[in-house]
Amino acid sequence: MSTLKSRKTDTRITLRELADRTNSELDGDGSIEICGAATITAATTGDITFVANERYLKFLATTKASAVVLDRQVPCTHLAVLRHDNPYLVFAEVVDILYPTEAKTAAGIDDSAIVSADATVAPDACIGPLCRVGGGTSIGRNTRLISSVYVGENVTIGENCLLYPGVAILNDCIIGNNVIIHPSGVIGSDGFGFAESDKGLKKVKQIGWVEIGDDVEIGAGTTIDRGALGPTKVGKGTKIDNLVQIAHNVEIGNNCIIVSQVGISGSTKLGNSVILAGQVGIVGHVEIGEGAVIGAQSGVSKSVGAGKTMFGYPAREIMQMKRIDACLTKLPELFKRVKKLEDES
Amino acid sequence: MSTLKSRKTDTRITLRELADRTNSELDGDGSIEICGAATITAATTGDITFVANERYLKFLATTKASAVVLDRQVPCTHLAVLRHDNPYLVFAEVVDILYPTEAKTAAGIDDSAIVSADATVAPDACIGPLCRVGGGTSIGRNTRLISSVYVGENVTIGENCLLYPGVAILNDCIIGNNVIIHPSGVIGSDGFGFAESDKGLKKVKQIGWVEIGDDVEIGAGTTIDRGALGPTKVGKGTKIDNLVQIAHNVEIGNNCIIVSQVGISGSTKLGNSVILAGQVGIVGHVEIGEGAVIGAQSGVSKSVGAGKTMFGYPAREIMQMKRIDACLTKLPELFKRVKKLEDES
Amino acid sequence: MSTLKSRKTDTRITLRELADRTNSELDGDGSIEICGAATITAATTGDITFVANERYLKFLATTKASAVVLDRQVPCTHLAVLRHDNPYLVFAEVVDILYPTEAKTAAGIDDSAIVSADATVAPDACIGPLCRVGGGTSIGRNTRLISSVYVGENVTIGENCLLYPGVAILNDCIIGNNVIIHPSGVIGSDGFGFAESDKGLKKVKQIGWVEIGDDVEIGAGTTIDRGALGPTKVGKGTKIDNLVQIAHNVEIGNNCIIVSQVGISGSTKLGNSVILAGQVGIVGHVEIGEGAVIGAQSGVSKSVGAGKTMFGYPAREIMQMKRIDACLTKLPELFKRVKKLEDES
């Protein structure tokens, strides 16, 4: 294995220019040339780094970076600094400047792709090798299917989307603009619906579809089932991590953050700006209010009000759960204390 | 995003005909023409809807549906009704009638598919674009590989199966009839077996296979490992949701329901009609008895008797777990009560 | 479904030869010919079996196997035995001998594969049907891409690797020698990084990569995200099961065992020989010390010292967790005992 290292670019940009382009405050020598972005421990001369999580502040004294993006309050005199109330956002903008996306895909339909004569593909879209696009489907401007992407019949895909290898988008689904779907993401698989019958479990045909809003990102291996009858919806700006399961008829609001391995059961609704941490499970047919935050691995079996922070299995309000958890630590001792009281009584 | 809507078909069927074909009781105007099926809140004129979960009964008064499928006991006079003891089953049959499956795939082998000369493919089977079928493999009548499906060597696939894009079925596996495998389902990956040795972890070659019974459905991204030495088995009529992990040498009975993100460890056996709710984990080498039900996110570390309902981490019988959970809510208060007793003693 | 059966090979090897080649002790008739390996309940005449887990010892008296691999101490007189301190390792070696891997893939690039003119492929490597290999990528000696494998730009893949169908290895990743990646494994998907901004969540471009050491095995559907800035690392000899999520900038040591459906959050570090049981979740930015063992479904929210065994949600040291769990069983009774004390006081 190679040792930890940072990635230099051919770009050379002065710190002053970075300050100007990111609307951050320059604190130090603006003539320094920056040619890379790196973590605080991996950075070397020419790199810019950042601190947004205070547990990394301890490395500030020893970093080999040439500059650092910091919150306005953090003292730092030995390094050139870009200061801003939101250093992580500024650093994200710096990375965009230093590492502009190079189009590695050419517009047009690769010879090995199988595209229905009845599909509509924008002239500057890219249908990469070994893709398959079905009839009645439309693919918008500058959208790129990297390789081995499957798009079914009557699918609508907007502009500037990026579909990675192994993605499958099944019939009748609707994808907005600027949507990114990572490898092996599945959109529009059948919901899990069966009716009991004398002859065993009868499949309930899933005739719905999936609607993905603009600016949504969907992680690798994530599965989003089509609605049983109507849509499963993911709202504008929502970000979904890897290996998440979203069941049929779920409706997710805008700007939600859904971390890896979460499972959301059928017909559950999430308001805007909900955060579900990793491995959370939510039962079907409940509502999670706007801005609610659910801690990692929690099991949610009831609706959650707007703005609440929940944790645990089963999930409770976080302060209550913390009190209970503190009690658990002392529970064996409590048994002894009760025994002592009984012996004395 | 489009607004919630229902899907109309070109089909027009009277309510009387639907009653006749589903053996349900007509309660109201049988001459009403039905042209769509929708949820109770999305339905519009011409649609039929249903109530099978009592939490949706409140929408019955205001639905815009033209007819509804209900249990025999539910009062309803303002709408035409199909009544049956199993309204969900009747609704499933209604959906089948209103939305007959259109074959969108032609029989035969697509020009872009790579099929071994040594494979046997039924004349009316469909091997779609960019599929690969290995030598010694047989594919039964009317089975459809939609696109980019991989089938290894010496695989047997029965009749009327439906394999979605990205499915991989590895060497020597056996798939029954009427099996559906959703996108990126993996059948026959190596089991996770390693022996400790002086040189690190030595792979234990996995020389077994997977046997999938008739009428099984397997969700998107689900992985079923081959046995180490013999088979991993999934019994007839069992339904498996998305992103489930089934380890080597697991044996699952008939008509089980395995919800999303469940993990079943090696050599564990499930009886018939077992239900595992979402995100359940089961250790290896145990047995789950016929008809047992395991609640969501439970962690099962011991065998479970037939008919038991278990819940929790670690899983306990549900009534015991509910009692413990109720105590947890009052646990901080219990500490205060004991403190008071100690102060008074 | 077929009934349980064992798999015979055309190989015929005497028990004496197996003892010699595995450095195990022959206890019984060395002239017995072995032609298969099977579990203790499935074995028939000609098979060799093993017992490494004492719960299977009860089948020793009735197995139909012709020979068995056992620990040195286990009494057994009615069957020929190979004895060794590590019977599972010897059995693994026996399986290798009885079932030598047959190369089912020919060296060279399949006509249907799309390989960049700018890629370097070793002459004896196999690029199977419908694979895609990008520019600047090198693929080492005897490495096999079975079918429908995607390899991006500037990827380095070592020797003797085996990449199953649907695997995607994205730009700039580095794969060592003897690495196995099972179907739909994803290496180098973007990490999940977003900065809050006035316009919603801004994507933090993920410009890092993934480094996989020698002798690593990666399960089906497992996703390993690229670092945000530098590498995500998996150390030599580590084995990862199916549907595992490894977030950006995670660093995993050597010879770790990571069981199915585990999730490891960003920037967390694992020492060597760590064991994470199924469905474990670990928060970001913590360290798990060498040799630590985390029990199934545990939720780890803090760093764990070397050699510790942790369990629970939230995870505690295992002995403490067992004491607490024993108390939970008696908790409803404790409430009654306290009530009695209160009534008496």
# chains A, B, ... in the order shown; residues from 1 in each chain; ligands from 1

$ interface_residues --of "chain A" --to "chain C" --cutoff "8 Å" --atoms "only C-alpha atoms" --output "JSON list (two decimals) with N, CA, C and O atoms, in the first residue's frame"
[["chain", "number", "residue", "atom", "x", "y", "z"],
["A", 1, "MET", "N", 0.85, -1.20, 0.00],
["A", 1, "MET", "CA", 0.00, 0.00, 0.00],
["A", 1, "MET", "C", 0.89, 1.25, 0.00],
["A", 1, "MET", "O", 1.90, 1.31, 0.66],
["A", 2, "SER", "N", 0.45, 2.20, -0.75],
["A", 2, "SER", "CA", 1.18, 3.46, -0.75],
["A", 2, "SER", "C", 1.00, 4.14, 0.60],
["A", 2, "SER", "O", 0.09, 3.83, 1.34],
["A", 4, "LEU", "N", 0.24, 7.47, 2.99],
["A", 4, "LEU", "CA", -0.69, 8.59, 2.92],
["A", 4, "LEU", "C", -0.05, 9.71, 2.12],
["A", 4, "LEU", "O", 1.10, 10.06, 2.32],
["A", 5, "LYS", "N", -0.80, 10.33, 1.23],
["A", 5, "LYS", "CA", -0.25, 11.39, 0.42],
["A", 5, "LYS", "C", -1.37, 12.32, 0.00],
["A", 5, "LYS", "O", -2.54, 12.01, 0.11],
["A", 6, "SER", "N", -1.00, 13.47, -0.48],
["A", 6, "SER", "CA", -2.00, 14.40, -0.98],
["A", 6, "SER", "C", -1.90, 14.46, -2.50],
["A", 6, "SER", "O", -0.94, 13.99, -3.10],
["A", 7, "ARG", "N", -2.93, 14.99, -3.09],
["A", 7, "ARG", "CA", -3.02, 15.02, -4.54],
["A", 7, "ARG", "C", -2.80, 16.43, -5.05],
["A", 7, "ARG", "O", -3.56, 17.33, -4.76],
["A", 37, "ALA", "N", -5.38, 20.35, -2.34],
["A", 37, "ALA", "CA", -6.19, 20.37, -1.13],
["A", 37, "ALA", "C", -6.00, 19.03, -0.43],
["A", 37, "ALA", "O", -5.96, 17.99, -1.09],
["A", 38, "ALA", "N", -5.86, 19.08, 0.90],
["A", 38, "ALA", "CA", -5.56, 17.83, 1.61],
["A", 38, "ALA", "C", -6.04, 17.92, 3.04],
["A", 38, "ALA", "O", -6.31, 19.00, 3.56],
["A", 39, "THR", "N", -6.16, 16.77, 3.69],
["A", 39, "THR", "CA", -6.50, 16.76, 5.11],
["A", 39, "THR", "C", -5.34, 17.35, 5.90],
["A", 39, "THR", "O", -4.21, 17.41, 5.43],
["A", 42, "ALA", "N", -2.34, 15.08, 6.18],
["A", 42, "ALA", "CA", -1.69, 14.63, 4.94],
["A", 42, "ALA", "C", -1.11, 15.77, 4.13],
["A", 42, "ALA", "O", -0.30, 15.55, 3.24],
["A", 88, "TYR", "N", -16.20, 24.78, 6.21],
["A", 88, "TYR", "CA", -16.35, 23.56, 5.40],
["A", 88, "TYR", "C", -16.91, 23.91, 4.01],
["A", 88, "TYR", "O", -16.47, 23.37, 3.00],
["A", 89, "LEU", "N", -17.84, 24.86, 3.99],
["A", 89, "LEU", "CA", -18.40, 25.30, 2.71],
["A", 89, "LEU", "C", -17.32, 25.97, 1.85],
["A", 89, "LEU", "O", -17.20, 25.69, 0.65],
["A", 92, "ALA", "N", -15.08, 23.38, 0.44],
["A", 92, "ALA", "CA", -15.73, 22.69, -0.68],
["A", 92, "ALA", "C", -15.60, 23.52, -1.96],
["A", 92, "ALA", "O", -15.35, 22.98, -3.04],
["A", 93, "GLU", "N", -15.74, 24.85, -1.83],
["A", 93, "GLU", "CA", -15.61, 25.72, -3.00],
["A", 93, "GLU", "C", -14.17, 25.75, -3.51],
["A", 93, "GLU", "O", -13.91, 25.76, -4.71],
["A", 95, "VAL", "N", -12.03, 23.31, -3.27],
["A", 95, "VAL", "CA", -11.79, 22.04, -3.97],
["A", 95, "VAL", "C", -12.34, 22.12, -5.39],
["A", 95, "VAL", "O", -11.71, 21.68, -6.35],
["A", 96, "ASP", "N", -13.54, 22.70, -5.53],
["A", 96, "ASP", "CA", -14.11, 22.86, -6.88],
["A", 96, "ASP", "C", -13.18, 23.67, -7.79],
["A", 96, "ASP", "O", -13.03, 23.38, -8.98],
["A", 99, "TYR", "N", -9.80, 21.59, -8.44],
["A", 99, "TYR", "CA", -9.97, 20.33, -9.18],
["A", 99, "TYR", "C", -11.21, 20.42, -10.07],
["A", 99, "TYR", "O", -12.22, 19.78, -9.81],
["A", 129, "PRO", "N", -20.63, 3.11, -22.94],
["A", 129, "PRO", "CA", -20.58, 1.73, -23.42],
["A", 129, "PRO", "C", -21.56, 0.83, -22.69],
["A", 129, "PRO", "O", -21.77, 0.97, -21.48],
["A", 130, "LEU", "N", -22.15, -0.09, -23.40],
["A", 130, "LEU", "CA", -22.90, -1.20, -22.81],
["A", 130, "LEU", "C", -24.12, -0.76, -22.03],
["A", 130, "LEU", "O", -24.63, -1.48, -21.17],
["A", 147, "SER", "N", -21.56, 3.88, -18.00],
["A", 147, "SER", "CA", -21.33, 2.57, -18.61],
["A", 147, "SER", "C", -22.27, 1.58, -17.97],
["A", 147, "SER", "O", -22.59, 1.69, -16.78],
["A", 148, "SER", "N", -22.77, 0.59, -18.74],
["A", 148, "SER", "CA", -23.60, -0.47, -18.20],
["A", 148, "SER", "C", -24.76, 0.06, -17.35],
["A", 148, "SER", "O", -25.08, -0.50, -16.31],
["A", 165, "PRO", "N", -21.93, 3.29, -13.34],
["A", 165, "PRO", "CA", -22.10, 1.93, -13.84],
["A", 165, "PRO", "C", -23.02, 1.06, -12.97],
["A", 165, "PRO", "O", -22.97, 1.12, -11.75],
["A", 166, "GLY", "N", -23.80, 0.26, -13.63],
["A", 166, "GLY", "CA", -24.65, -0.69, -12.92],
["A", 166, "GLY", "C", -25.95, -0.11, -12.40],
["A", 166, "GLY", "O", -26.74, -0.83, -11.80],
["A", 182, "HIS", "N", -25.11, 6.71, -7.81],
["A", 182, "HIS", "CA", -23.84, 6.00, -7.75],
["A", 182, "HIS", "C", -24.03, 4.53, -8.17],
["A", 182, "HIS", "O", -25.15, 4.06, -8.31],
["A", 183, "PRO", "N", -22.90, 3.82, -8.34],
["A", 183, "PRO", "CA", -22.98, 2.49, -8.95],
["A", 183, "PRO", "C", -24.00, 1.55, -8.28],
["A", 183, "PRO", "O", -24.13, 1.50, -7.06],
["A", 184, "SER", "N", -24.69, 0.82, -9.12],
["A", 184, "SER", "CA", -25.65, -0.20, -8.68],
["A", 184, "SER", "C", -26.84, 0.37, -7.92],
["A", 184, "SER", "O", -27.57, -0.40, -7.28],
["A", 220, "ALA", "N", -24.42, 4.34, -3.71],
["A", 220, "ALA", "CA", -24.16, 3.05, -4.35],
["A", 220, "ALA", "C", -24.99, 1.96, -3.68],
["A", 220, "ALA", "O", -25.08, 1.87, -2.46],
["A", 221, "GLY", "N", -25.61, 1.14, -4.50],
["A", 221, "GLY", "CA", -26.36, 0.00, -3.99],
["A", 221, "GLY", "C", -27.66, 0.35, -3.30],
["A", 221, "GLY", "O", -28.33, -0.54, -2.77],
["A", 237, "GLY", "N", -33.07, 18.20, -3.57],
["A", 237, "GLY", "CA", -31.93, 18.49, -2.72],
["A", 237, "GLY", "C", -31.63, 17.46, -1.65],
["A", 237, "GLY", "O", -30.68, 17.62, -0.88],
["A", 241, "ASP", "N", -27.31, 8.18, 1.09],
["A", 241, "ASP", "CA", -26.02, 7.48, 1.11],
["A", 241, "ASP", "C", -26.16, 6.06, 0.53],
["A", 241, "ASP", "O", -27.20, 5.71, -0.03],
["A", 242, "ASN", "N", -25.14, 5.25, 0.71],
["A", 242, "ASN", "CA", -25.09, 3.90, 0.14],
["A", 242, "ASN", "C", -25.99, 2.91, 0.88],
["A", 242, "ASN", "O", -26.22, 3.02, 2.08],
["A", 243, "LEU", "N", -26.47, 1.92, 0.15],
["A", 243, "LEU", "CA", -27.15, 0.74, 0.71],
["A", 243, "LEU", "C", -28.37, 1.09, 1.56],
["A", 243, "LEU", "O", -28.69, 0.41, 2.52],
["A", 255, "ASN", "N", -34.19, 18.37, 0.90],
["A", 255, "ASN", "CA", -32.99, 18.63, 1.70],
["A", 255, "ASN", "C", -32.83, 17.71, 2.90],
["A", 255, "ASN", "O", -32.27, 18.09, 3.92],
["A", 260, "SER", "N", -26.06, 5.99, 5.38],
["A", 260, "SER", "CA", -25.95, 4.62, 4.88],
["A", 260, "SER", "C", -26.75, 3.59, 5.68],
["A", 260, "SER", "O", -26.86, 3.65, 6.88],
["A", 261, "GLN", "N", -27.32, 2.63, 4.93],
["A", 261, "GLN", "CA", -27.96, 1.44, 5.50],
["A", 261, "GLN", "C", -29.24, 1.74, 6.26],
["A", 261, "GLN", "O", -29.76, 0.89, 6.98],
["A", 278, "GLY", "N", -26.95, 6.68, 10.31],
["A", 278, "GLY", "CA", -26.71, 5.35, 9.74],
["A", 278, "GLY", "C", -27.51, 4.24, 10.41],
["A", 278, "GLY", "O", -27.68, 4.20, 11.61],
["A", 279, "GLN", "N", -28.02, 3.30, 9.58],
["A", 279, "GLN", "CA", -28.67, 2.07, 10.05],
["A", 279, "GLN", "C", -29.98, 2.32, 10.78],
["A", 279, "GLN", "O", -30.51, 1.40, 11.42],
["A", 296, "ALA", "N", -28.18, 7.28, 15.13],
["A", 296, "ALA", "CA", -27.75, 6.06, 14.45],
["A", 296, "ALA", "C", -28.38, 4.80, 15.06],
["A", 296, "ALA", "O", -28.50, 4.67, 16.27],
["A", 297, "GLN", "N", -28.77, 3.88, 14.18],
["A", 297, "GLN", "CA", -29.31, 2.55, 14.56],
["A", 297, "GLN", "C", -30.65, 2.62, 15.29],
["A", 297, "GLN", "O", -31.15, 1.59, 15.74],
["A", 312, "GLY", "N", -32.41, 5.56, 19.99],
["A", 312, "GLY", "CA", -32.61, 4.32, 20.72],
["A", 312, "GLY", "C", -33.50, 3.33, 20.02],
["A", 312, "GLY", "O", -34.06, 3.58, 18.97],
["A", 328, "LEU", "N", -28.88, 2.55, 33.10],
["A", 328, "LEU", "CA", -28.51, 1.16, 32.78],
["A", 328, "LEU", "C", -27.11, 0.86, 33.29],
["A", 328, "LEU", "O", -26.85, -0.23, 33.80],
["A", 329, "THR", "N", -26.22, 1.83, 33.16],
["A", 329, "THR", "CA", -24.85, 1.61, 33.63],
["A", 329, "THR", "C", -24.83, 1.29, 35.12],
["A", 329, "THR", "O", -24.03, 0.49, 35.58],
["A", 331, "LEU", "N", -27.41, -0.04, 36.77],
["A", 331, "LEU", "CA", -28.48, -0.98, 37.10],
["A", 331, "LEU", "C", -28.02, -2.15, 37.96],
["A", 331, "LEU", "O", -28.68, -2.49, 38.95],
["A", 332, "PRO", "N", -26.90, -2.80, 37.64],
["A", 332, "PRO", "CA", -26.46, -3.90, 38.52],
["A", 332, "PRO", "C", -26.27, -3.43, 39.96],
["A", 332, "PRO", "O", -26.63, -4.15, 40.91],
["A", 335, "PHE", "N", -29.61, -3.16, 41.82],
["A", 335, "PHE", "CA", -30.09, -4.44, 42.36],
["A", 335, "PHE", "C", -29.47, -4.70, 43.73],
["A", 335, "PHE", "O", -30.15, -5.18, 44.65],
["A", 338, "VAL", "N", -31.11, -2.46, 46.35],
["A", 338, "VAL", "CA", -32.44, -2.93, 46.75],
["A", 338, "VAL", "C", -32.31, -4.15, 47.66],
["A", 338, "VAL", "O", -33.02, -4.27, 48.67],
["A", 341, "LEU", "N", -31.52, -3.00, 51.08],
["A", 341, "LEU", "CA", -32.72, -2.46, 51.74],
["A", 341, "LEU", "C", -33.62, -3.59, 52.23],
["A", 341, "LEU", "O", -34.16, -3.55, 53.34],
["A", 342, "GLU", "N", -33.76, -4.62, 51.40],
["A", 342, "GLU", "CA", -34.60, -5.75, 51.81],
["A", 342, "GLU", "C", -34.01, -6.46, 53.02],
["A", 342, "GLU", "O", -34.73, -6.84, 53.94],
["A", 345, "SER", "N", -34.73, -4.45, 56.07],
["A", 345, "SER", "CA", -36.11, -4.13, 56.46],
["A", 345, "SER", "C", -36.71, -5.25, 57.31],
["A", 345, "SER", "O", -36.18, -6.34, 57.39]]

$ select_by_dssp --residues "region 128-190 of chain A" --states "strand (DSSP E)" --output "PyMOL selection string"
chain A and resi 132-133+138-139+144-145+150-151+156-157+162-163+168-169+174-175+180-181+186-189

$ residues_around --residues "Ile127 (chain A)" --least-positions-apart "4" --cutoff "8 Å" --atoms "only C-alpha atoms" --output "PyMOL selection string"
chain A and resi 107-110+113+131+144-147

$ write_last_selection --atoms "C-alpha atoms" --output "PDB file, in the first residue's frame"
ATOM      1  CA  ALA A 107     -21.257  13.353 -25.988  1.00  0.00           C
ATOM      2  CA  GLY A 108     -23.173  10.867 -28.062  1.00  0.00           C
ATOM      3  CA  ILE A 109     -24.183   7.240 -28.002  1.00  0.00           C
ATOM      4  CA  ASP A 110     -21.433   4.633 -27.736  1.00  0.00           C
ATOM      5  CA  ALA A 113     -24.983   0.914 -26.266  1.00  0.00           C
ATOM      6  CA  CYS A 131     -25.840   0.926 -21.691  1.00  0.00           C
ATOM      7  CA  ARG A 144     -24.225  11.159 -18.706  1.00  0.00           C
ATOM      8  CA  LEU A 145     -24.746   7.396 -18.436  1.00  0.00           C
ATOM      9  CA  ILE A 146     -21.190   6.255 -17.732  1.00  0.00           C
ATOM     10  CA  SER A 147     -21.330   2.574 -18.615  1.00  0.00           C
TER      11      SER A 147
END

$ atom_distance --atom1 "CA of Ala292 (chain C)" --atom2 "CA of Ile275 (chain C)"
6.4 Å

$ select_by_dssp --residues "region 6-169 of chain A" --states "helix (DSSP H, G or I)" --output "PyMOL selection string"
chain A and resi 15-22+54-59+87-98

$ write_last_selection --atoms "N, CA and C atoms" --output "PDB file, in the first residue's frame"
ATOM      1  N   LEU A  15      -3.567  32.421  -2.941  1.00  0.00           N
ATOM      2  CA  LEU A  15      -4.510  32.407  -1.830  1.00  0.00           C
ATOM      3  C   LEU A  15      -5.453  33.610  -1.927  1.00  0.00           C
ATOM      4  N   ARG A  16      -4.917  34.733  -2.425  1.00  0.00           N
ATOM      5  CA  ARG A  16      -5.780  35.924  -2.569  1.00  0.00           C
ATOM      6  C   ARG A  16      -6.928  35.650  -3.528  1.00  0.00           C
ATOM      7  N   GLU A  17      -6.618  34.965  -4.636  1.00  0.00           N
ATOM      8  CA  GLU A  17      -7.677  34.651  -5.588  1.00  0.00           C
ATOM      9  C   GLU A  17      -8.706  33.697  -4.967  1.00  0.00           C
ATOM     10  N   LEU A  18      -8.210  32.737  -4.211  1.00  0.00           N
ATOM     11  CA  LEU A  18      -9.152  31.809  -3.546  1.00  0.00           C
ATOM     12  C   LEU A  18     -10.052  32.569  -2.564  1.00  0.00           C
ATOM     13  N   ALA A  19      -9.457  33.514  -1.839  1.00  0.00           N
ATOM     14  CA  ALA A  19     -10.259  34.314  -0.904  1.00  0.00           C
ATOM     15  C   ALA A  19     -11.337  35.083  -1.662  1.00  0.00           C
ATOM     16  N   ASP A  20     -10.924  35.700  -2.776  1.00  0.00           N
ATOM     17  CA  ASP A  20     -11.881  36.478  -3.561  1.00  0.00           C
ATOM     18  C   ASP A  20     -13.011  35.602  -4.080  1.00  0.00           C
ATOM     19  N   ARG A  21     -12.641  34.451  -4.636  1.00  0.00           N
ATOM     20  CA  ARG A  21     -13.654  33.621  -5.300  1.00  0.00           C
ATOM     21  C   ARG A  21     -14.559  32.901  -4.305  1.00  0.00           C
ATOM     22  N   THR A  22     -14.157  32.794  -3.056  1.00  0.00           N
ATOM     23  CA  THR A  22     -14.996  32.109  -2.067  1.00  0.00           C
ATOM     24  C   THR A  22     -15.580  33.085  -1.056  1.00  0.00           C
ATOM     25  N   GLU A  54     -13.743  20.221  15.632  1.00  0.00           N
ATOM     26  CA  GLU A  54     -12.734  20.692  16.593  1.00  0.00           C
ATOM     27  C   GLU A  54     -11.738  19.603  17.035  1.00  0.00           C
ATOM     28  N   ARG A  55     -12.129  18.332  16.798  1.00  0.00           N
ATOM     29  CA  ARG A  55     -11.169  17.302  17.214  1.00  0.00           C
ATOM     30  C   ARG A  55      -9.907  17.291  16.353  1.00  0.00           C
ATOM     31  N   TYR A  56      -9.935  18.019  15.236  1.00  0.00           N
ATOM     32  CA  TYR A  56      -8.743  18.087  14.400  1.00  0.00           C
ATOM     33  C   TYR A  56      -7.920  19.352  14.648  1.00  0.00           C
ATOM     34  N   LEU A  57      -8.378  20.211  15.550  1.00  0.00           N
ATOM     35  CA  LEU A  57      -7.642  21.447  15.854  1.00  0.00           C
ATOM     36  C   LEU A  57      -6.238  21.161  16.376  1.00  0.00           C
ATOM     37  N   LYS A  58      -6.096  20.033  17.069  1.00  0.00           N
ATOM     38  CA  LYS A  58      -4.793  19.702  17.649  1.00  0.00           C
ATOM     39  C   LYS A  58      -3.692  19.542  16.610  1.00  0.00           C
ATOM     40  N   PHE A  59      -4.080  19.298  15.355  1.00  0.00           N
ATOM     41  CA  PHE A  59      -3.068  19.133  14.306  1.00  0.00           C
ATOM     42  C   PHE A  59      -2.664  20.458  13.665  1.00  0.00           C
ATOM     43  N   PRO A  87     -16.415  27.320   7.385  1.00  0.00           N
ATOM     44  CA  PRO A  87     -15.155  26.920   6.736  1.00  0.00           C
ATOM     45  C   PRO A  87     -15.295  25.688   5.851  1.00  0.00           C
ATOM     46  N   TYR A  88     -16.201  24.778   6.208  1.00  0.00           N
ATOM     47  CA  TYR A  88     -16.353  23.564   5.402  1.00  0.00           C
ATOM     48  C   TYR A  88     -16.906  23.911   4.014  1.00  0.00           C
ATOM     49  N   LEU A  89     -17.840  24.863   3.990  1.00  0.00           N
ATOM     50  CA  LEU A  89     -18.401  25.305   2.706  1.00  0.00           C
ATOM     51  C   LEU A  89     -17.316  25.971   1.848  1.00  0.00           C
ATOM     52  N   VAL A  90     -16.509  26.828   2.462  1.00  0.00           N
ATOM     53  CA  VAL A  90     -15.434  27.490   1.712  1.00  0.00           C
ATOM     54  C   VAL A  90     -14.438  26.455   1.183  1.00  0.00           C
ATOM     55  N   PHE A  91     -14.121  25.478   2.029  1.00  0.00           N
ATOM     56  CA  PHE A  91     -13.189  24.454   1.574  1.00  0.00           C
ATOM     57  C   PHE A  91     -13.775  23.687   0.384  1.00  0.00           C
ATOM     58  N   ALA A  92     -15.076  23.383   0.443  1.00  0.00           N
ATOM     59  CA  ALA A  92     -15.732  22.693  -0.678  1.00  0.00           C
ATOM     60  C   ALA A  92     -15.600  23.522  -1.955  1.00  0.00           C
ATOM     61  N   GLU A  93     -15.745  24.845  -1.826  1.00  0.00           N
ATOM     62  CA  GLU A  93     -15.615  25.715  -3.002  1.00  0.00           C
ATOM     63  C   GLU A  93     -14.170  25.746  -3.508  1.00  0.00           C
ATOM     64  N   VAL A  94     -13.230  25.732  -2.561  1.00  0.00           N
ATOM     65  CA  VAL A  94     -11.811  25.695  -2.934  1.00  0.00           C
ATOM     66  C   VAL A  94     -11.491  24.420  -3.718  1.00  0.00           C
ATOM     67  N   VAL A  95     -12.029  23.305  -3.265  1.00  0.00           N
ATOM     68  CA  VAL A  95     -11.793  22.041  -3.969  1.00  0.00           C
ATOM     69  C   VAL A  95     -12.343  22.118  -5.389  1.00  0.00           C
ATOM     70  N   ASP A  96     -13.535  22.702  -5.527  1.00  0.00           N
ATOM     71  CA  ASP A  96     -14.107  22.858  -6.880  1.00  0.00           C
ATOM     72  C   ASP A  96     -13.179  23.675  -7.789  1.00  0.00           C
ATOM     73  N   ILE A  97     -12.570  24.716  -7.216  1.00  0.00           N
ATOM     74  CA  ILE A  97     -11.684  25.580  -8.008  1.00  0.00           C
ATOM     75  C   ILE A  97     -10.397  24.851  -8.378  1.00  0.00           C
ATOM     76  N   LEU A  98      -9.820  24.138  -7.411  1.00  0.00           N
ATOM     77  CA  LEU A  98      -8.541  23.469  -7.645  1.00  0.00           C
ATOM     78  C   LEU A  98      -8.670  22.244  -8.544  1.00  0.00           C
TER      79      LEU A  98
END

$ atom_distance --atom1 "CA of Gly30 (chain C)" --atom2 "CA of Glu102 (chain C)"
27.3 Å
